[in-house]
Amino acid sequence: MDLIDAFLYLLGPWPLFLCVLGTALGIIVGAIPGLSGAMLIALTLPLTFKMVPEQAMALLVSMYTGSITGGLVSSVLLRIPGTPSNVVTVFDGYAMAQKGQAGRALGLGVAASFFGAMFAWVALVLLTKPLADIAVRFTPFDYFALVLAALVLISSVSGKSMAKGLLAGMIGVLLAFPGMDDNTGGTRFTMGAWQLTSGFDILPVLVGVFGVGTVMAELVKQHGKTQALVYSSSGLWMKLSEWKAQFWNLLRSSAIGTWIGILPGIGASVGSLVAYTVAKNVSRTPEEFGNGSPSGIVASEAANNATVGGALIPLLAMGIPGSVIDVFLMGALMIHGIQPGPLLFEQHASIVYVIFAACLLSSVLMFGQMYLMIPFLRRVLDVPRQFVLPLIMVFCVVGVFASSNRMFDVWIMLGFGVIGFLMERGGLPLGPFVIGFILAPIAESRLRQGLMMTDGSYLPLLTQPLTLALMIVSVLLLFWPLIRTLLRKRH
Amino acid sequence: MDASEARAETTLALIAIALSGLFLVEGMKLKPGVFEPIGPGAVPMGVAVVTIILSLLVLIGRWRASPTAAAVGAADPAMPERWAMLLGVSVLTLVYAAALHAGAVRYGYVTIAYLLASFLLVSDRVRQDLPWAVALALVFGMGLDFVFRYLLVADLP
């Protein structure tokens, strides 16, 4: 199957229905503050067991694309970002809405989202295969250093404190160890529980942390009555003159979003923030940013959608998730017995091309559906929380049980829900936790594999060029706060 | 950061230390590998040590934080947090999971009861929400039972 075949496959009635459904659900969930694309995908994972992997990935990728864009609506109309990636959109989106330009703000956001997604799709198609070809030549030490760099990188940019980010990552790594040790065939850290022979399954952990944890966090919050602004659909379609005026901003922000997406573990929220900051710094009218600047919305939305395609590149080429949602996609592939990584092109090329095609198709669908759904989404924002939260809990329980037919996994999910809730309350970011949980087995097995090849010598960590470069990056990132303080004192 | 967030941070750091201690003890019991240099316990024990150090850093950071700094980010008194509601729903959820685990009552019925109780517990306007709560509990309870049992032909708790 090549890319054209993949498109033709997705245009069949059932796959197309899944793409339309996935994008629509993603947009709706993204628009509701407190609910996230990660949670939607976690709840959907059990339903994909009975699908063929191509259909499962089409559905999940569509949800991913939709959820990143959906948050635009509540950002503009309610001043509440639907997802963390829309935080920056609030600054100018709500200000424009207050000036009676809600339709124009939404139109700019949708068009920029579409442009960013298209830009990243081109990068996805052009870069994934060459990167996979390079990754095939990675040594076990290279892989170990890459995973280490990914963990340090996400810990350093998630949350306010690097210590907390690293701690979250290390807790995730620790909890990945119980179960069968692949190298010796024995069990370890199961504390005598035979149910843990195969370790903690991915699904109860992800659903617990993102589903149950989110419900618990939302239950505690007292939500005041939010007053949506008077909506005017005027200016919903971006004019040709606006496309021309924003062209360089669109291009630059999309490139930033794609690049940040490629960096392992960093997602859309960082992408949109960096693109916004750069757009403000190069603008001739920086004072307008935060007061309803169209350039601010364009930068933020183009970048956060570009991270979707960008983040898929390291996942498909190297098996390293580019963002938290990519951890779920990786989990979905692994559940179907497919290991993402450089050999994916050789062993499961059809999956890669379907993901490429789904990424493009869902972006086109998102563009059309957003215009159709905006009037409806304004009403969805009013759905009472008391009905949504218990329903999510029921879906978490039935979904996790259906995946393994074990109530043990439901209890594990509830336990991880408490951990997720405590982490959210205590300011420990969830991203490093799940990335650590999913990457720890890869890092450990590659390190032990490498040490077996060198008779226990750690020297290749310092002598192999790529490994050394990645180790230096990790050390620099680790000590960056200290270096920054010293540099500031010197000046 | 308000007091409850500080407590959550401290609790989590203490849990991480306890968990790491457990991994260190269990790791020491593991036999070293025959064909490989480091064996199955080395990496987890190394990670456990790093986790303990990071937890201590977080705890020290918390203790060094001035009380005024904590007060600045304190929760808005006009929007009190609903801990009793969280506790109530948590207990309901545990009872729900235990009832499903016991398997004495059909999944659909237990789910209807759970949803109804949760909707009403979370609701601020019980009387107005009651008809909606009953309708939604019935639709989702029986609907999920039907979908999983007869359409997806999957086992239910």
# chains A, B, ... in the order shown; residues from 1 in each chain; ligands from 1
>>> residues_around(residues="range 10-19 of chain B", least_positions_apart="4", cutoff="8 Å", atoms="only C-alpha atoms", output="PyMOL selection string")
(chain A and resi 171+419+422-423+426) or (chain B and resi 6+23+51-52+55-56+58-59+62)
>>> closest_atom_pairs(of="chain B", to="chain A", cutoff="6 Å", atoms="only C-alpha atoms", output="CSV")
residue,atom,partner,partner_atom,distance
B:Glu5,CA,A:Gly426,CA,4.9
B:Ala8,CA,A:Gly426,CA,4.8
B:Glu9,CA,A:Gly426,CA,4.0
B:Glu36,CA,A:Met452,CA,5.4
B:Pro37,CA,A:Gly456,CA,5.1
B:Thr51,CA,A:Met170,CA,5.9
B:Leu54,CA,A:Leu167,CA,5.7
B:Met79,CA,A:Gln222,CA,5.7
B:Glu81,CA,A:Val220,CA,5.3
B:Arg82,CA,A:Val220,CA,4.7
B:Trp83,CA,A:Val220,CA,5.7
B:Leu86,CA,A:Leu219,CA,5.8
B:Phe119,CA,A:Gln386,CA,5.6
B:Val122,CA,A:Gln386,CA,5.2
B:Ser123,CA,A:Gln386,CA,5.5
>>> residues_around(residues="range 99-112 of chain A", least_positions_apart="6", cutoff="10 Å", atoms="only C-alpha atoms", output="MDAnalysis selection string")
chainID A and resid 69:70 72:73 75:77 89 92:93 118 229:239 242:243 246:247 249:251 253:254 291:306 366:371 374
>>> write_last_selection(atoms="C-alpha atoms", output="PDB file, in the first residue's frame")
ATOM      1  CA  THR A  69      -8.458  22.856  17.157  1.00  0.00           C
ATOM      2  CA  GLY A  70     -11.646  22.519  19.235  1.00  0.00           C
ATOM      3  CA  LEU A  72     -10.163  27.569  19.987  1.00  0.00           C
ATOM      4  CA  VAL A  73     -13.917  28.073  20.479  1.00  0.00           C
ATOM      5  CA  SER A  75     -10.735  30.337  24.196  1.00  0.00           C
ATOM      6  CA  VAL A  76     -12.407  32.990  22.061  1.00  0.00           C
ATOM      7  CA  LEU A  77     -15.942  32.930  23.477  1.00  0.00           C
ATOM      8  CA  THR A  89      -5.124  31.996  21.850  1.00  0.00           C
ATOM      9  CA  ASP A  92      -6.068  37.916  21.631  1.00  0.00           C
ATOM     10  CA  GLY A  93      -9.098  35.748  20.841  1.00  0.00           C
ATOM     11  CA  MET A 118      -0.944  21.304   6.030  1.00  0.00           C
ATOM     12  CA  LEU A 229     -20.065  36.790  24.715  1.00  0.00           C
ATOM     13  CA  VAL A 230     -22.567  37.851  22.106  1.00  0.00           C
ATOM     14  CA  TYR A 231     -21.473  35.978  19.005  1.00  0.00           C
ATOM     15  CA  SER A 232     -21.271  37.538  15.583  1.00  0.00           C
ATOM     16  CA  SER A 233     -20.464  35.347  12.602  1.00  0.00           C
ATOM     17  CA  SER A 234     -19.218  38.341  10.621  1.00  0.00           C
ATOM     18  CA  GLY A 235     -15.701  37.771   9.250  1.00  0.00           C
ATOM     19  CA  LEU A 236     -15.787  34.020   9.834  1.00  0.00           C
ATOM     20  CA  TRP A 237     -14.154  33.364   6.455  1.00  0.00           C
ATOM     21  CA  MET A 238     -10.631  34.690   6.194  1.00  0.00           C
ATOM     22  CA  LYS A 239     -10.274  37.149   3.312  1.00  0.00           C
ATOM     23  CA  GLU A 242      -5.782  38.630   5.390  1.00  0.00           C
ATOM     24  CA  TRP A 243      -4.136  35.492   3.976  1.00  0.00           C
ATOM     25  CA  GLN A 246      -0.518  36.856   7.566  1.00  0.00           C
ATOM     26  CA  PHE A 247       1.432  34.708   5.099  1.00  0.00           C
ATOM     27  CA  ASN A 249       3.417  34.732  10.179  1.00  0.00           C
ATOM     28  CA  LEU A 250       1.603  31.543   9.105  1.00  0.00           C
ATOM     29  CA  LEU A 251       4.747  30.113   7.539  1.00  0.00           C
ATOM     30  CA  SER A 253       4.589  29.796  13.138  1.00  0.00           C
ATOM     31  CA  SER A 254       3.908  26.555  11.279  1.00  0.00           C
ATOM     32  CA  ASN A 291      -5.309  43.363  23.044  1.00  0.00           C
ATOM     33  CA  GLY A 292      -6.920  41.563  20.124  1.00  0.00           C
ATOM     34  CA  SER A 293      -4.154  41.148  17.573  1.00  0.00           C
ATOM     35  CA  PRO A 294      -5.092  38.859  14.647  1.00  0.00           C
ATOM     36  CA  SER A 295      -1.403  37.935  14.323  1.00  0.00           C
ATOM     37  CA  GLY A 296      -1.449  36.526  17.863  1.00  0.00           C
ATOM     38  CA  ILE A 297      -4.317  34.153  17.096  1.00  0.00           C
ATOM     39  CA  VAL A 298      -2.759  33.127  13.781  1.00  0.00           C
ATOM     40  CA  ALA A 299       0.638  32.390  15.372  1.00  0.00           C
ATOM     41  CA  SER A 300      -0.813  30.378  18.232  1.00  0.00           C
ATOM     42  CA  GLU A 301      -3.254  28.308  16.192  1.00  0.00           C
ATOM     43  CA  ALA A 302      -0.932  27.635  13.233  1.00  0.00           C
ATOM     44  CA  ALA A 303       1.771  26.424  15.610  1.00  0.00           C
ATOM     45  CA  ASN A 304      -0.357  24.213  17.841  1.00  0.00           C
ATOM     46  CA  ASN A 305      -1.850  22.396  14.851  1.00  0.00           C
ATOM     47  CA  ALA A 306       1.568  22.062  13.212  1.00  0.00           C
ATOM     48  CA  MET A 366     -11.457  19.732  10.668  1.00  0.00           C
ATOM     49  CA  PHE A 367     -11.440  22.821   8.439  1.00  0.00           C
ATOM     50  CA  GLY A 368     -14.929  22.085   7.109  1.00  0.00           C
ATOM     51  CA  GLN A 369     -16.391  20.777  10.345  1.00  0.00           C
ATOM     52  CA  MET A 370     -15.220  23.722  12.413  1.00  0.00           C
ATOM     53  CA  TYR A 371     -17.150  26.137  10.188  1.00  0.00           C
ATOM     54  CA  ILE A 374     -19.187  26.631  15.551  1.00  0.00           C
TER      55      ILE A 374
END
>>> select_by_dssp(residues="chain B", states="helix (DSSP H, G or I)", output="JSON, numbers by chain")
{"B": [3, 4, 5, 6, 7, 8, 9, 10, 11, 12, 13, 14, 15, 16, 17, 18, 19, 20, 21, 22, 23, 24, 25, 26, 27, 28, 29, 42, 43, 44, 45, 46, 47, 48, 49, 50, 51, 52, 53, 54, 55, 56, 57, 58, 59, 60, 61, 62, 63, 64, 67, 68, 69, 70, 71, 72, 83, 84, 85, 86, 87, 88, 89, 90, 91, 92, 93, 94, 95, 96, 97, 98, 99, 100, 101, 102, 107, 108, 109, 110, 111, 112, 113, 114, 115, 116, 117, 118, 119, 120, 121, 122, 126, 127, 128, 129, 130, 131, 132, 133, 134, 135, 136, 137, 138, 139, 140, 141, 142, 143, 144, 145, 146, 147, 148, 149, 150, 151]}
>>> residues_around(residues="Leu40 in chain A", least_positions_apart="5", cutoff="12 Å", atoms="only C-alpha atoms", output="ChimeraX atom specification")
/A:22-30,32,34-35,45-47,59-64,66-68,206-207,210-212,214,325,328,392,395-396,399
>>> select_by_dssp(residues="range 63-189 of chain A", states="strand (DSSP E or B)", output="count of residues only")
4
>>> closest_residue(among="A:Trp121, A:Phe437, A:Phe479, A:Tyr143", to="Gly199 in chain A", atoms="only C-alpha atoms")
A:Phe437
>>> closest_residue(among="A:Thr48, A:Thr128, A:Ser113, A:Thr307", to="Gly322 in chain A", atoms="only C-alpha atoms")
A:Thr307
>>> residues_around(residues="Leu121 in chain B", least_positions_apart="6", cutoff="9 Å", atoms="only C-alpha atoms", output="number ranges by chain")
A: 386; B: 85, 88-89
>>> atom_distance(atom1="CA of His348 in chain A", atom2="CA of Leu10 in chain A")
16.7 Å
